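**Q** Enclosed is the structure file my_file16.cif (mmCIF, C-alpha atoms and all ligand atoms).
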```
data_entry
#
loop_
_atom_site.label_atom_id
_atom_site.label_comp_id
_atom_site.auth_asym_id
_atom_site.auth_seq_id
_atom_site.Cartn_x
_atom_site.Cartn_y
_atom_site.Cartn_z
CA MET A 579 96.30 89.77 118.52
CA ALA A 580 97.30 87.32 121.22
CA ARG A 581 99.04 87.19 124.59
CA LEU A 582 100.95 84.32 126.21
CA ILE A 583 100.28 84.18 129.94
CA ILE A 584 102.46 82.21 132.40
CA ASP A 585 100.73 81.89 135.77
CA ALA A 586 103.51 82.46 138.35
CA ASP A 587 101.49 80.74 141.09
CA THR A 588 101.06 77.54 139.06
CA CYS A 589 104.48 77.36 137.30
CA THR A 590 106.75 74.86 139.11
CA GLY A 591 109.91 75.84 137.19
CA CYS A 592 110.19 72.31 135.78
CA GLU A 593 111.56 73.66 132.43
CA ALA A 594 109.40 71.21 130.40
CA CYS A 595 108.24 74.14 128.24
CA LEU A 596 111.74 75.22 127.14
CA PRO A 597 112.49 72.46 124.56
CA SER A 598 108.90 72.57 123.26
CA CYS A 599 109.25 76.12 121.90
CA PRO A 600 110.28 76.08 118.19
CA PHE A 601 111.21 79.78 118.34
CA GLY A 602 113.41 79.76 121.47
CA SER A 603 111.12 82.36 123.04
CA LEU A 604 111.12 80.84 126.53
CA SER A 605 113.77 81.10 129.24
CA MET A 606 113.92 80.68 133.02
CA LYS A 607 114.21 83.54 135.47
CA ASP A 608 114.11 83.19 139.26
CA GLY A 609 112.83 79.64 138.88
CA LEU A 610 109.90 80.63 136.63
CA ALA A 611 109.33 80.39 132.88
CA LEU A 612 109.56 83.71 131.01
CA VAL A 613 108.45 84.50 127.43
CA ASP A 614 109.96 87.14 125.12
CA GLU A 615 108.53 89.07 122.15
CA SER A 616 109.61 86.46 119.57
CA CYS A 617 106.70 84.24 120.74
CA ASN A 618 104.51 83.10 117.85
CA PHE A 619 101.59 81.89 119.98
CA CYS A 620 101.88 78.41 118.45
CA ARG A 621 100.71 76.88 121.78
CA ALA A 622 103.42 74.17 121.80
CA CYS A 623 104.38 75.22 125.36
CA VAL A 624 100.72 75.18 126.42
CA GLU A 625 100.62 71.50 125.45
CA ALA A 626 104.01 70.77 127.03
CA CYS A 627 103.35 72.33 130.45
CA PRO A 628 102.45 69.46 132.82
CA VAL A 629 100.66 71.73 135.32
CA GLY A 630 98.61 73.93 132.97
CA ALA A 631 100.44 77.13 133.92
CA ILE A 632 100.60 78.50 130.36
CA THR A 633 97.66 79.87 128.40
CA VAL A 634 97.20 81.93 125.22
CA GLU A 635 94.63 84.66 125.33
CA MET A 636 93.23 86.05 122.08
CA GLU A 637 92.45 89.74 122.05
CA GLU A 638 89.58 90.65 119.78
CA LYS A 639 90.96 93.54 117.74
CA ALA A 640 87.80 94.22 115.86
CA VAL A 641 84.48 94.35 117.62
CA PRO A 642 81.32 93.32 115.78
CA ILE A 643 79.66 96.34 114.24
CA ASP A 644 76.19 97.38 113.15
CA THR A 645 76.42 95.91 109.65
CA GLY A 646 72.99 97.31 108.72
CA SER A 647 74.37 100.86 108.63
CA TYR A 648 76.74 99.90 105.78
CA GLN A 649 75.52 100.26 102.21
CA ASN A 650 76.68 100.74 98.60
CA VAL A 651 79.40 99.11 96.55
CA TRP A 652 82.63 101.08 96.09
CA ALA A 653 85.39 100.63 93.53
CA PHE A 654 88.80 102.20 94.09
CA ILE A 655 89.59 104.41 91.07
CA GLU A 656 93.31 104.03 90.51
CA HIS A 657 95.16 106.39 88.19
CA GLU A 658 98.72 106.64 87.04
CA GLN A 659 100.36 108.90 84.53
CA GLU A 660 97.14 110.81 83.88
CA LYS A 661 95.17 107.66 83.08
CA VAL A 662 92.52 105.76 85.03
CA SER A 663 93.54 102.11 85.13
CA SER A 664 91.19 99.92 83.15
CA VAL A 665 90.70 97.48 86.05
CA SER A 666 89.07 100.28 88.10
CA LEU A 667 86.49 100.82 85.35
CA GLU A 668 85.95 97.05 85.06
CA LEU A 669 85.24 97.04 88.82
CA LEU A 670 82.58 99.71 88.34
CA GLY A 671 80.89 97.46 85.76
CA GLU A 672 80.92 94.44 88.07
CA GLY A 673 80.12 96.66 91.06
CA ARG A 674 76.93 97.74 89.31
CA LYS A 675 75.78 94.09 89.06
CA LEU A 676 76.46 93.60 92.77
CA ALA A 677 74.71 96.88 93.61
CA GLU A 678 71.66 95.85 91.59
CA ALA A 679 71.50 92.55 93.50
CA LEU A 680 71.68 94.49 96.78
CA GLY A 681 69.42 97.38 95.71
CA CYS A 682 72.05 100.06 96.36
CA GLN A 683 74.44 102.38 94.50
CA VAL A 684 77.81 101.80 92.86
CA CYS A 685 80.36 104.48 93.77
CA GLY A 686 83.99 105.35 93.11
CA MET A 687 86.67 106.12 95.70
CA LEU A 688 89.32 108.42 94.27
CA PHE A 689 92.43 110.08 95.72
CA GLY A 690 94.65 112.81 94.34
CA ASP A 691 96.17 116.25 94.41
CA PRO A 692 93.53 119.01 94.90
CA GLY A 693 92.40 120.36 91.55
CA ASP A 694 93.76 117.39 89.62
CA VAL A 695 91.14 114.71 90.16
CA ASP A 696 87.92 115.93 88.57
CA HIS A 697 88.66 114.47 85.13
CA PHE A 698 89.21 111.05 86.76
CA ALA A 699 85.93 111.41 88.67
CA LYS A 700 84.12 112.27 85.41
CA GLU A 701 85.58 109.18 83.76
CA ALA A 702 84.34 107.03 86.67
CA ILE A 703 80.87 108.57 86.32
CA ALA A 704 80.90 107.94 82.56
CA HIS A 705 81.59 104.27 83.36
CA GLY A 706 78.71 103.93 85.81
CA ALA A 707 79.65 105.49 89.19
CA GLU A 708 76.63 107.22 90.74
CA LYS A 709 78.80 108.98 93.32
CA VAL A 710 82.53 109.50 93.54
CA TYR A 711 84.06 110.02 96.99
CA VAL A 712 87.16 112.11 96.43
CA MET A 713 89.90 112.50 99.05
CA GLU A 714 92.19 115.39 98.17
CA SER A 715 95.62 116.31 99.52
CA PRO A 716 99.06 117.08 98.08
CA LEU A 717 100.13 113.92 99.99
CA LEU A 718 97.98 111.90 97.59
CA LYS A 719 99.60 113.20 94.42
CA GLN A 720 101.79 110.11 94.08
CA TYR A 721 101.09 106.71 95.53
CA ARG A 722 102.45 105.96 98.99
CA THR A 723 101.01 103.35 101.34
CA ASP A 724 100.47 105.55 104.43
CA PRO A 725 98.42 108.41 102.97
CA TYR A 726 96.46 106.13 100.63
CA ALA A 727 95.58 103.73 103.45
CA ARG A 728 94.60 106.63 105.74
CA ALA A 729 92.46 108.21 102.99
CA ALA A 730 90.59 104.95 102.40
CA VAL A 731 90.11 104.24 106.11
CA ASP A 732 88.79 107.77 106.78
CA LEU A 733 86.34 107.64 103.87
CA ILE A 734 85.16 104.13 104.72
CA ARG A 735 84.64 105.03 108.40
CA LYS A 736 82.66 108.12 107.48
CA PHE A 737 80.53 106.86 104.58
CA LYS A 738 80.29 103.14 105.47
CA PRO A 739 80.28 101.20 102.17
CA GLU A 740 79.12 97.60 102.37
CA ILE A 741 81.60 96.34 99.75
CA VAL A 742 84.92 97.84 98.60
CA LEU A 743 86.69 96.51 95.49
CA PHE A 744 90.32 97.21 94.60
CA GLY A 745 92.24 96.24 91.45
CA ALA A 746 94.79 93.48 92.16
CA THR A 747 97.46 95.89 90.96
CA THR A 748 100.72 96.81 92.70
CA GLN A 749 98.91 99.66 94.49
CA GLY A 750 95.73 97.77 95.28
CA ARG A 751 97.56 94.72 96.60
CA ASP A 752 99.77 96.96 98.71
CA PHE A 753 97.38 99.23 100.54
CA ALA A 754 94.14 97.18 100.61
CA GLY A 755 95.78 94.92 103.21
CA THR A 756 96.64 97.90 105.41
CA VAL A 757 93.07 99.19 105.09
CA ALA A 758 91.64 95.79 106.05
CA THR A 759 93.83 95.33 109.11
CA THR A 760 93.21 98.91 110.29
CA LEU A 761 89.45 98.46 109.98
CA GLY A 762 89.49 94.90 111.30
CA ALA A 763 87.64 93.83 108.14
CA GLY A 764 88.18 90.87 105.82
CA LEU A 765 89.95 91.01 102.45
CA THR A 766 90.02 88.35 99.75
CA ALA A 767 92.94 88.81 97.35
CA ASP A 768 93.07 88.10 93.62
CA CYS A 769 89.40 87.27 93.09
CA THR A 770 88.30 85.94 89.74
CA GLY A 771 84.56 85.96 90.48
CA LEU A 772 82.15 87.97 92.64
CA ASP A 773 78.49 87.39 93.40
CA ILE A 774 75.83 88.14 95.98
CA ASP A 775 74.30 85.25 97.90
CA PRO A 776 70.56 85.61 97.15
CA GLU A 777 69.52 84.60 100.69
CA THR A 778 72.07 86.16 103.03
CA LYS A 779 73.09 89.02 100.68
CA TYR A 780 76.73 88.37 101.60
CA LEU A 781 79.46 88.91 99.01
CA LYS A 782 80.69 85.60 97.54
CA GLN A 783 84.34 85.97 96.52
CA THR A 784 85.83 83.28 94.29
CA ARG A 785 89.56 82.81 93.76
CA PRO A 786 91.98 80.00 92.86
CA ALA A 787 93.44 78.23 95.91
CA PHE A 788 96.10 75.56 96.51
CA GLY A 789 98.16 76.56 93.47
CA GLY A 790 95.09 76.83 91.27
CA ASN A 791 93.95 73.25 91.85
CA ILE A 792 90.62 74.31 93.32
CA MET A 793 88.42 77.39 93.12
CA ALA A 794 87.45 78.58 96.61
CA THR A 795 84.41 80.77 97.32
CA ILE A 796 85.06 82.89 100.38
CA LEU A 797 82.64 84.83 102.60
CA ASP A 798 83.87 87.52 104.95
CA TYR A 799 83.05 87.22 108.64
CA PRO A 800 79.37 88.31 108.78
CA HIS A 801 79.73 90.72 111.71
CA TYR A 802 82.32 93.02 110.14
CA ARG A 803 82.14 95.50 107.28
CA PRO A 804 83.06 96.37 104.63
CA GLN A 805 83.56 93.17 102.68
CA MET A 806 86.66 93.78 100.57
CA SER A 807 88.31 92.12 97.59
CA THR A 808 91.14 92.73 95.17
CA VAL A 809 90.30 91.66 91.62
CA ARG A 810 92.59 90.91 88.71
CA SER A 811 92.55 92.99 85.59
CA LYS A 812 90.43 91.76 82.64
CA VAL A 813 88.44 89.31 84.74
CA PHE A 814 85.37 91.51 84.17
CA ALA A 815 84.32 93.32 81.02
CA LEU A 816 84.83 97.05 80.63
CA PRO A 817 81.40 98.73 80.98
CA PRO A 818 80.40 100.97 78.06
CA ARG A 819 81.37 104.64 78.39
CA ASP A 820 78.52 107.15 78.43
CA ASP A 821 79.66 110.75 78.84
CA SER A 822 76.06 111.95 79.27
CA ARG A 823 75.79 110.18 82.66
CA LYS A 824 75.38 112.40 85.72
CA GLY A 825 76.92 111.64 89.09
CA GLU A 826 77.73 113.36 92.36
CA ILE A 827 81.26 114.19 93.51
CA ILE A 828 81.72 114.27 97.29
CA ARG A 829 84.95 115.94 98.39
CA GLU A 830 86.87 115.38 101.60
CA THR A 831 90.29 116.64 102.65
CA LEU A 832 92.87 114.27 104.09
CA GLN A 833 93.70 115.16 107.69
CA MET A 834 97.34 114.06 107.67
CA THR A 835 100.71 115.80 107.63
CA GLU A 836 103.89 114.87 105.78
CA ASP A 837 105.52 114.07 109.17
CA GLU A 838 103.10 111.17 109.61
CA VAL A 839 104.14 109.52 106.32
CA ARG A 840 106.93 106.99 106.79
CA THR A 841 108.22 107.01 103.20
CA LYS A 842 109.52 109.83 101.04
CA ILE A 843 109.71 109.75 97.24
CA LEU A 844 113.21 110.83 96.27
CA GLU A 845 113.17 109.93 92.60
CA PHE A 846 111.34 107.78 90.08
CA ILE A 847 113.54 105.40 88.10
CA LYS A 848 111.75 103.70 85.25
CA GLY A 849 112.03 99.92 85.58
CA ARG A 850 112.66 97.55 82.76
CA GLU A 851 109.93 97.30 80.19
CA THR A 852 107.27 94.96 81.57
CA VAL A 853 104.96 92.88 79.45
CA ASN A 854 101.59 94.55 79.26
CA LEU A 855 99.41 91.57 78.40
CA ALA A 856 96.45 93.04 80.28
CA ASP A 857 96.02 96.01 77.96
CA ALA A 858 97.11 94.36 74.69
CA GLU A 859 94.50 94.32 71.93
CA ILE A 860 96.24 91.46 70.13
CA ILE A 861 98.20 88.64 71.79
CA ILE A 862 100.22 85.97 69.99
CA SER A 863 100.92 83.06 72.35
CA GLY A 864 103.27 80.14 71.97
CA GLY A 865 103.02 76.75 73.66
CA ARG A 866 105.08 73.63 74.17
CA ALA A 867 105.19 73.05 70.42
CA ILE A 868 107.50 76.05 70.03
CA GLY A 869 110.25 73.80 71.31
CA SER A 870 112.93 76.30 72.38
CA ALA A 871 113.64 79.87 73.48
CA GLU A 872 115.20 80.57 70.09
CA ASN A 873 112.05 79.42 68.26
CA PHE A 874 109.98 82.03 70.12
CA ARG A 875 111.52 84.41 67.54
CA ILE A 876 108.79 83.47 65.05
CA ILE A 877 106.10 84.40 67.60
CA ARG A 878 107.87 87.72 68.36
CA GLU A 879 108.18 88.54 64.66
CA LEU A 880 104.45 88.11 64.06
CA ALA A 881 103.71 90.10 67.24
CA GLU A 882 105.94 92.93 66.09
CA VAL A 883 104.24 93.21 62.70
CA LEU A 884 100.79 93.26 64.32
CA GLY A 885 101.76 95.51 67.24
CA ALA A 886 100.81 92.64 69.55
CA ALA A 887 102.04 91.35 72.91
CA VAL A 888 103.65 87.91 73.28
CA GLY A 889 101.94 85.37 75.53
CA ALA A 890 102.82 81.79 76.44
CA SER A 891 101.40 78.64 77.95
CA ARG A 892 102.74 77.40 81.26
CA ALA A 893 104.48 74.54 79.46
CA ALA A 894 106.58 77.08 77.54
CA VAL A 895 107.27 79.12 80.69
CA ASP A 896 108.15 76.04 82.77
CA SER A 897 110.55 74.95 80.03
CA GLY A 898 112.44 78.21 80.57
CA TRP A 899 111.89 79.48 77.00
CA ILE A 900 110.11 82.67 78.08
CA SER A 901 109.59 84.47 81.41
CA TYR A 902 106.60 84.03 83.71
CA GLU A 903 105.32 87.57 83.00
CA HIS A 904 104.16 86.18 79.62
CA GLN A 905 102.17 83.27 81.06
CA VAL A 906 98.46 83.26 80.27
CA GLY A 907 96.09 81.15 82.34
CA GLN A 908 94.85 80.26 85.74
CA THR A 909 98.22 80.75 87.42
CA GLY A 910 99.36 83.42 84.94
CA ARG A 911 97.64 86.50 83.51
CA THR A 912 93.96 86.79 82.66
CA VAL A 913 93.64 88.51 79.29
CA ARG A 914 90.77 89.78 77.18
CA PRO A 915 92.25 91.00 73.88
CA LYS A 916 90.36 91.61 70.67
CA ILE A 917 92.40 88.84 69.00
CA TYR A 918 94.21 85.94 70.70
CA ILE A 919 96.32 83.72 68.44
CA ALA A 920 97.31 80.44 70.14
CA CYS A 921 100.22 78.73 68.37
CA GLY A 922 100.97 75.14 69.34
CA ILE A 923 98.84 75.32 72.50
CA SER A 924 96.51 72.41 73.25
CA GLY A 925 93.96 74.52 75.19
CA SER A 926 93.99 72.97 78.67
CA VAL A 927 91.30 74.19 81.07
CA GLN A 928 93.98 76.09 82.98
CA HIS A 929 95.12 77.92 79.85
CA GLN A 930 91.53 78.62 78.78
CA ALA A 931 90.81 80.12 82.22
CA GLY A 932 93.07 83.02 81.28
CA MET A 933 92.04 83.68 77.67
CA LYS A 934 88.64 82.22 76.79
CA THR A 935 86.88 85.59 77.02
CA SER A 936 89.04 87.02 74.19
CA ASP A 937 86.83 88.47 71.44
CA ILE A 938 88.35 86.40 68.62
CA ILE A 939 90.44 83.27 69.21
CA VAL A 940 92.60 81.89 66.41
CA ALA A 941 94.13 78.46 67.05
CA ILE A 942 97.02 77.04 65.05
CA ASN A 943 97.58 73.38 65.94
CA LYS A 944 98.43 70.31 63.94
CA ASP A 945 96.11 68.09 65.98
CA PRO A 946 92.50 68.55 64.74
CA ASP A 947 91.23 67.14 68.05
CA ALA A 948 93.09 69.64 70.24
CA PRO A 949 90.65 71.13 72.82
CA ILE A 950 91.61 74.69 71.79
CA PHE A 951 89.53 74.22 68.63
CA LYS A 952 86.37 73.89 70.78
CA ILE A 953 86.67 77.55 71.83
CA ALA A 954 88.41 78.92 68.72
CA THR A 955 86.64 81.37 66.42
CA TYR A 956 89.01 80.35 63.60
CA GLY A 957 91.05 77.15 63.56
CA VAL A 958 94.08 76.37 61.40
CA VAL A 959 95.05 72.69 61.41
CA ALA A 960 98.67 72.93 60.36
CA ASP A 961 102.29 73.06 61.44
CA LEU A 962 102.88 76.38 63.17
CA PHE A 963 106.43 76.55 61.81
CA THR A 964 104.94 76.80 58.32
CA VAL A 965 101.89 78.95 59.04
CA VAL A 966 103.26 81.58 61.45
CA PRO A 967 106.14 82.82 59.23
CA LYS A 968 103.71 82.95 56.28
CA LEU A 969 101.28 85.07 58.32
CA THR A 970 104.12 87.39 59.32
CA GLN A 971 105.18 87.76 55.70
CA GLU A 972 101.65 88.42 54.48
CA PHE A 973 100.78 90.94 57.25
CA ARG A 974 104.10 92.71 56.67
CA LYS A 975 103.19 93.08 53.00
CA ARG A 976 99.62 94.21 53.59
CA LEU A 977 100.37 96.54 56.49
CA GLY A 978 103.53 97.91 54.90
CA ARG A 979 105.62 97.20 58.03
C1 LIG A 1001 97.25 74.02 89.05
C2 LIG A 1001 97.64 74.20 87.61
C3 LIG A 1001 97.70 75.46 87.10
C4 LIG A 1001 98.06 75.66 85.75
N1 LIG A 1001 98.12 76.92 85.25
C5 LIG A 1001 98.37 77.09 83.94
C6 LIG A 1001 98.37 78.39 83.35
O1 LIG A 1001 98.22 79.41 84.02
N2 LIG A 1001 98.58 78.48 82.02
C7 LIG A 1001 98.80 77.39 81.21
O2 LIG A 1001 99.00 77.56 80.00
N3 LIG A 1001 98.84 76.16 81.75
C8 LIG A 1001 98.64 75.99 83.08
N4 LIG A 1001 98.71 74.74 83.61
C9 LIG A 1001 99.21 73.64 82.77
C10 LIG A 1001 98.18 73.04 81.85
O3 LIG A 1001 97.50 72.01 82.51
C11 LIG A 1001 98.85 72.46 80.59
O4 LIG A 1001 99.82 71.51 80.99
C12 LIG A 1001 99.52 73.49 79.70
O5 LIG A 1001 98.63 74.55 79.45
C13 LIG A 1001 99.94 72.84 78.41
O6 LIG A 1001 100.63 73.76 77.63
P1 LIG A 1001 100.64 73.61 76.04
O7 LIG A 1001 99.25 73.69 75.53
O8 LIG A 1001 101.63 74.58 75.54
O9 LIG A 1001 101.29 72.15 75.83
P2 LIG A 1001 100.62 70.81 75.34
O10 LIG A 1001 99.41 70.49 76.09
O11 LIG A 1001 101.71 69.81 75.31
O12 LIG A 1001 100.16 71.13 73.86
C14 LIG A 1001 101.03 71.33 72.78
C15 LIG A 1001 100.15 71.41 71.55
O13 LIG A 1001 100.96 71.74 70.45
C16 LIG A 1001 100.49 71.00 69.30
N5 LIG A 1001 101.61 70.91 68.37
C17 LIG A 1001 102.74 70.17 68.48
N6 LIG A 1001 103.60 70.45 67.46
C18 LIG A 1001 102.99 71.38 66.69
C19 LIG A 1001 103.36 72.10 65.55
N7 LIG A 1001 104.55 71.93 64.95
N8 LIG A 1001 102.48 72.99 65.03
C20 LIG A 1001 101.25 73.20 65.59
N9 LIG A 1001 100.86 72.56 66.72
C21 LIG A 1001 101.72 71.68 67.28
C22 LIG A 1001 100.04 69.68 69.87
O14 LIG A 1001 99.10 69.09 68.99
C23 LIG A 1001 99.46 70.09 71.20
O15 LIG A 1001 98.07 70.31 71.08
C24 LIG A 1001 98.36 74.54 84.94
C25 LIG A 1001 98.27 73.26 85.48
C26 LIG A 1001 97.92 73.08 86.80
C27 LIG A 1001 97.82 71.70 87.36
#
```
Starting from the file, lay out its structure as structure tokens.
**A**
Amino acid sequence: MARLIIDADTCTGCEACLPSCPFGSLSMKDGLALVDESCNFCRACVEACPVGAITVEMEEKAVPIDTGSYQNVWAFIEHEQEKVSSVSLELLGEGRKLAEALGCQVCGMLFGDPGDVDHFAKEAIAHGAEKVYVMESPLLKQYRTDPYARAAVDLIRKFKPEIVLFGATTQGRDFAGTVATTLGAGLTADCTGLDIDPETKYLKQTRPAFGGNIMATILDYPHYRPQMSTVRSKVFALPPRDDSRKGEIIRETLQMTEDEVRTKILEFIKGRETVNLADAEIIISGGRAIGSAENFRIIRELAEVLGAAVGASRAAVDSGWISYEHQVGQTGRTVRPKIYIACGISGSVQHQAGMKTSDIIVAINKDPDAPIFKIATYGVVADLFTVVPKLTQEFRKRLGR
């Protein structure tokens, strides 16, 4: 937060500040400069004022806190349509590694309608949560920013976690920012790597920056807590499920009324079918070699027979043959299917960044030196236009589809 101050005793009314303001926020009144609420605190007028009458004062919103009283790693347990999202469980797995490095516990943070959250809490415990902090209220039955942000802020203020991880999902991206600004804490969005600095014990948050050209490792400001990140789906492995695990469920009730919520849900209208690359067990991807939107038909046909999702390289997306939702890679989706079949994709580092952790990689490429073969489990050196239709035909026969 900032404030622009014009010292009335020093201002000479020379008007030198007026043309300097790119937002037109300054005017003259009674021979003195006056600023309105459109001011962006860019300081251009501070530089322009010949007598030093204008200053910008920063207000510290967040005051440094006793960071030592914060402990444990929390993962937000997101659920939709009666299912815990897989990224939340992946966060518990990664959270456990961070907790081990810090010598603390990994916990879940879960919201929902009273009486309808226990099965989600049990699933979190089966995937490694030692405690699950549950905030219950009818206001939390369906996602809305205000009650979700308030629930998180109240739990965080009361139980003081050192690290809070959210899935980089529509929900996580939406309300994690509100939580961070309310608490005055940092938030690193869309992380692809997390680690604990062995000396300082700070959370190291890695994410692509400058359009994916560099990987930046970000530390939150050391005097504020919690350290918070959103993390993309499939970046981390799903931890094994163990239903015999025991964990504690801590229940709180949201102190908020419907009047305080600024949005109302009138109706849910199902959007168009989106591409669910993140949860697909098999992905068939096409690259530049596909050559046209029409030719993607052969990829779709194989995908249909195998019950697979269709992926693409950026070259295919940039050529306008298929939409961005299908793009796999550093600036597209990160995927971790059981089988990834790359057709006519060279295997650039940026493409590999999104798919190299797939269990089995099959590469079809007519260049035996293509880099994709270095990470492929099985390689087929051939023309994809011959091989892919043959695979479709053979799978159709064997699977009876
Ligand atoms: C900042 C940045 C971010 C990026 N992010 C991404 C990203 O998220 N995802 C991504 O994919 N790329 C990304 N890229 C682009 C990346 O560098 C490559 O340009 C891109 O992956 C190449 O796509 P491709 O493999 O389809 O095409 P190419 O590299 O042109 O490869 C085509 C391959 O097809 C083979 N081939 C040709 N004809 C046939 C045929 N008939 N049968 C079989 N094989 C054939 C060729 O031998 C070749 O190996 C990014 C680049 C930058 C700089």
**Q** Just want the 7 Å neighbourhood of region 770-780 of chain A, counted on all atoms listed in the file, with same-chain residues fewer than 2 positions away dropped. Output as a tab-separated table (two decimals) with C-alpha atoms, in the frame of the given file.
**A**
```tsv
chain	number	residue	atom	x	y	z
A	676	LEU	CA	76.46	93.60	92.77
A	679	ALA	CA	71.50	92.55	93.50
A	680	LEU	CA	71.68	94.49	96.78
A	768	ASP	CA	93.07	88.10	93.62
A	782	LYS	CA	80.69	85.60	97.54
A	783	GLN	CA	84.34	85.97	96.52
A	784	THR	CA	85.83	83.28	94.29
A	785	ARG	CA	89.56	82.81	93.76
A	797	LEU	CA	82.64	84.83	102.60
A	809	VAL	CA	90.30	91.66	91.62
A	810	ARG	CA	92.59	90.91	88.71
A	813	VAL	CA	88.44	89.31	84.74
```
**Q** Point out the residue among A:Phe788, A:Trp652, A:Phe874, A:Tyr956 with the least atom-to-atom distance to ligand LIG 1001 (chain A), counting all atoms listed in the file.
**A**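 Result for the nearest residue to ligand LIG 1001 (chain A): A:Phe788.
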**Q** Let me make sure I understand: among A:Ala948, A:Val613, A:Ala594, A:Val742, which one has the smallest atom-to-atom distance to ligand LIG 1001 (chain A) if we use all atoms listed in the file?
**A**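 Closest to ligand LIG 1001 (chain A) of all the choices is A:Ala948.
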**Q** Kindly compile the residues surrounding ligand LIG 1001 (chain A) within 9 Å, counting all atoms listed in the file, and format them as a PyMOL selection string.
**A** chain A and resi 786-792+864-869+890-895+905-912+920-932+941-950+958-965
**Q** Export C-alpha atoms of the chosen residues as a short mmCIF file (atom, residue, chain, number, x, y, z; two decimals), in the coordinates of the input?
**A**
```cif
data_model
loop_
_atom_site.label_atom_id
_atom_site.label_comp_id
_atom_site.auth_asym_id
_atom_site.auth_seq_id
_atom_site.Cartn_x
_atom_site.Cartn_y
_atom_site.Cartn_z
CA PRO A 786 91.98 80.00 92.86
CA ALA A 787 93.44 78.23 95.91
CA PHE A 788 96.10 75.56 96.51
CA GLY A 789 98.16 76.56 93.47
CA GLY A 790 95.09 76.83 91.27
CA ASN A 791 93.95 73.25 91.85
CA ILE A 792 90.62 74.31 93.32
CA GLY A 864 103.27 80.14 71.97
CA GLY A 865 103.02 76.75 73.66
CA ARG A 866 105.08 73.63 74.17
CA ALA A 867 105.19 73.05 70.42
CA ILE A 868 107.50 76.05 70.03
CA GLY A 869 110.25 73.80 71.31
CA ALA A 890 102.82 81.79 76.44
CA SER A 891 101.40 78.64 77.95
CA ARG A 892 102.74 77.40 81.26
CA ALA A 893 104.48 74.54 79.46
CA ALA A 894 106.58 77.08 77.54
CA VAL A 895 107.27 79.12 80.69
CA GLN A 905 102.17 83.27 81.06
CA VAL A 906 98.46 83.26 80.27
CA GLY A 907 96.09 81.15 82.34
CA GLN A 908 94.85 80.26 85.74
CA THR A 909 98.22 80.75 87.42
CA GLY A 910 99.36 83.42 84.94
CA ARG A 911 97.64 86.50 83.51
CA THR A 912 93.96 86.79 82.66
CA ALA A 920 97.31 80.44 70.14
CA CYS A 921 100.22 78.73 68.37
CA GLY A 922 100.97 75.14 69.34
CA ILE A 923 98.84 75.32 72.50
CA SER A 924 96.51 72.41 73.25
CA GLY A 925 93.96 74.52 75.19
CA SER A 926 93.99 72.97 78.67
CA VAL A 927 91.30 74.19 81.07
CA GLN A 928 93.98 76.09 82.98
CA HIS A 929 95.12 77.92 79.85
CA GLN A 930 91.53 78.62 78.78
CA ALA A 931 90.81 80.12 82.22
CA GLY A 932 93.07 83.02 81.28
CA ALA A 941 94.13 78.46 67.05
CA ILE A 942 97.02 77.04 65.05
CA ASN A 943 97.58 73.38 65.94
CA LYS A 944 98.43 70.31 63.94
CA ASP A 945 96.11 68.09 65.98
CA PRO A 946 92.50 68.55 64.74
CA ASP A 947 91.23 67.14 68.05
CA ALA A 948 93.09 69.64 70.24
CA PRO A 949 90.65 71.13 72.82
CA ILE A 950 91.61 74.69 71.79
CA VAL A 958 94.08 76.37 61.40
CA VAL A 959 95.05 72.69 61.41
CA ALA A 960 98.67 72.93 60.36
CA ASP A 961 102.29 73.06 61.44
CA LEU A 962 102.88 76.38 63.17
CA PHE A 963 106.43 76.55 61.81
CA THR A 964 104.94 76.80 58.32
CA VAL A 965 101.89 78.95 59.04
#
```
**Q** What's around region 934-939 of chain A at 6 Å? Count all atoms listed in the file, leave out sequence neighbours fewer than 5 positions away in its own chain, and write the answer as a short mmCIF file (atom, residue, chain, number, x, y, z; two decimals) with C-alpha atoms, in the frame of the given file.
**A**
```
data_model
loop_
_atom_site.label_atom_id
_atom_site.label_comp_id
_atom_site.auth_asym_id
_atom_site.auth_seq_id
_atom_site.Cartn_x
_atom_site.Cartn_y
_atom_site.Cartn_z
CA ARG A 914 90.77 89.78 77.18
CA PRO A 915 92.25 91.00 73.88
CA LYS A 916 90.36 91.61 70.67
CA ILE A 917 92.40 88.84 69.00
CA TYR A 918 94.21 85.94 70.70
CA ILE A 919 96.32 83.72 68.44
CA ALA A 954 88.41 78.92 68.72
CA THR A 955 86.64 81.37 66.42
#
```
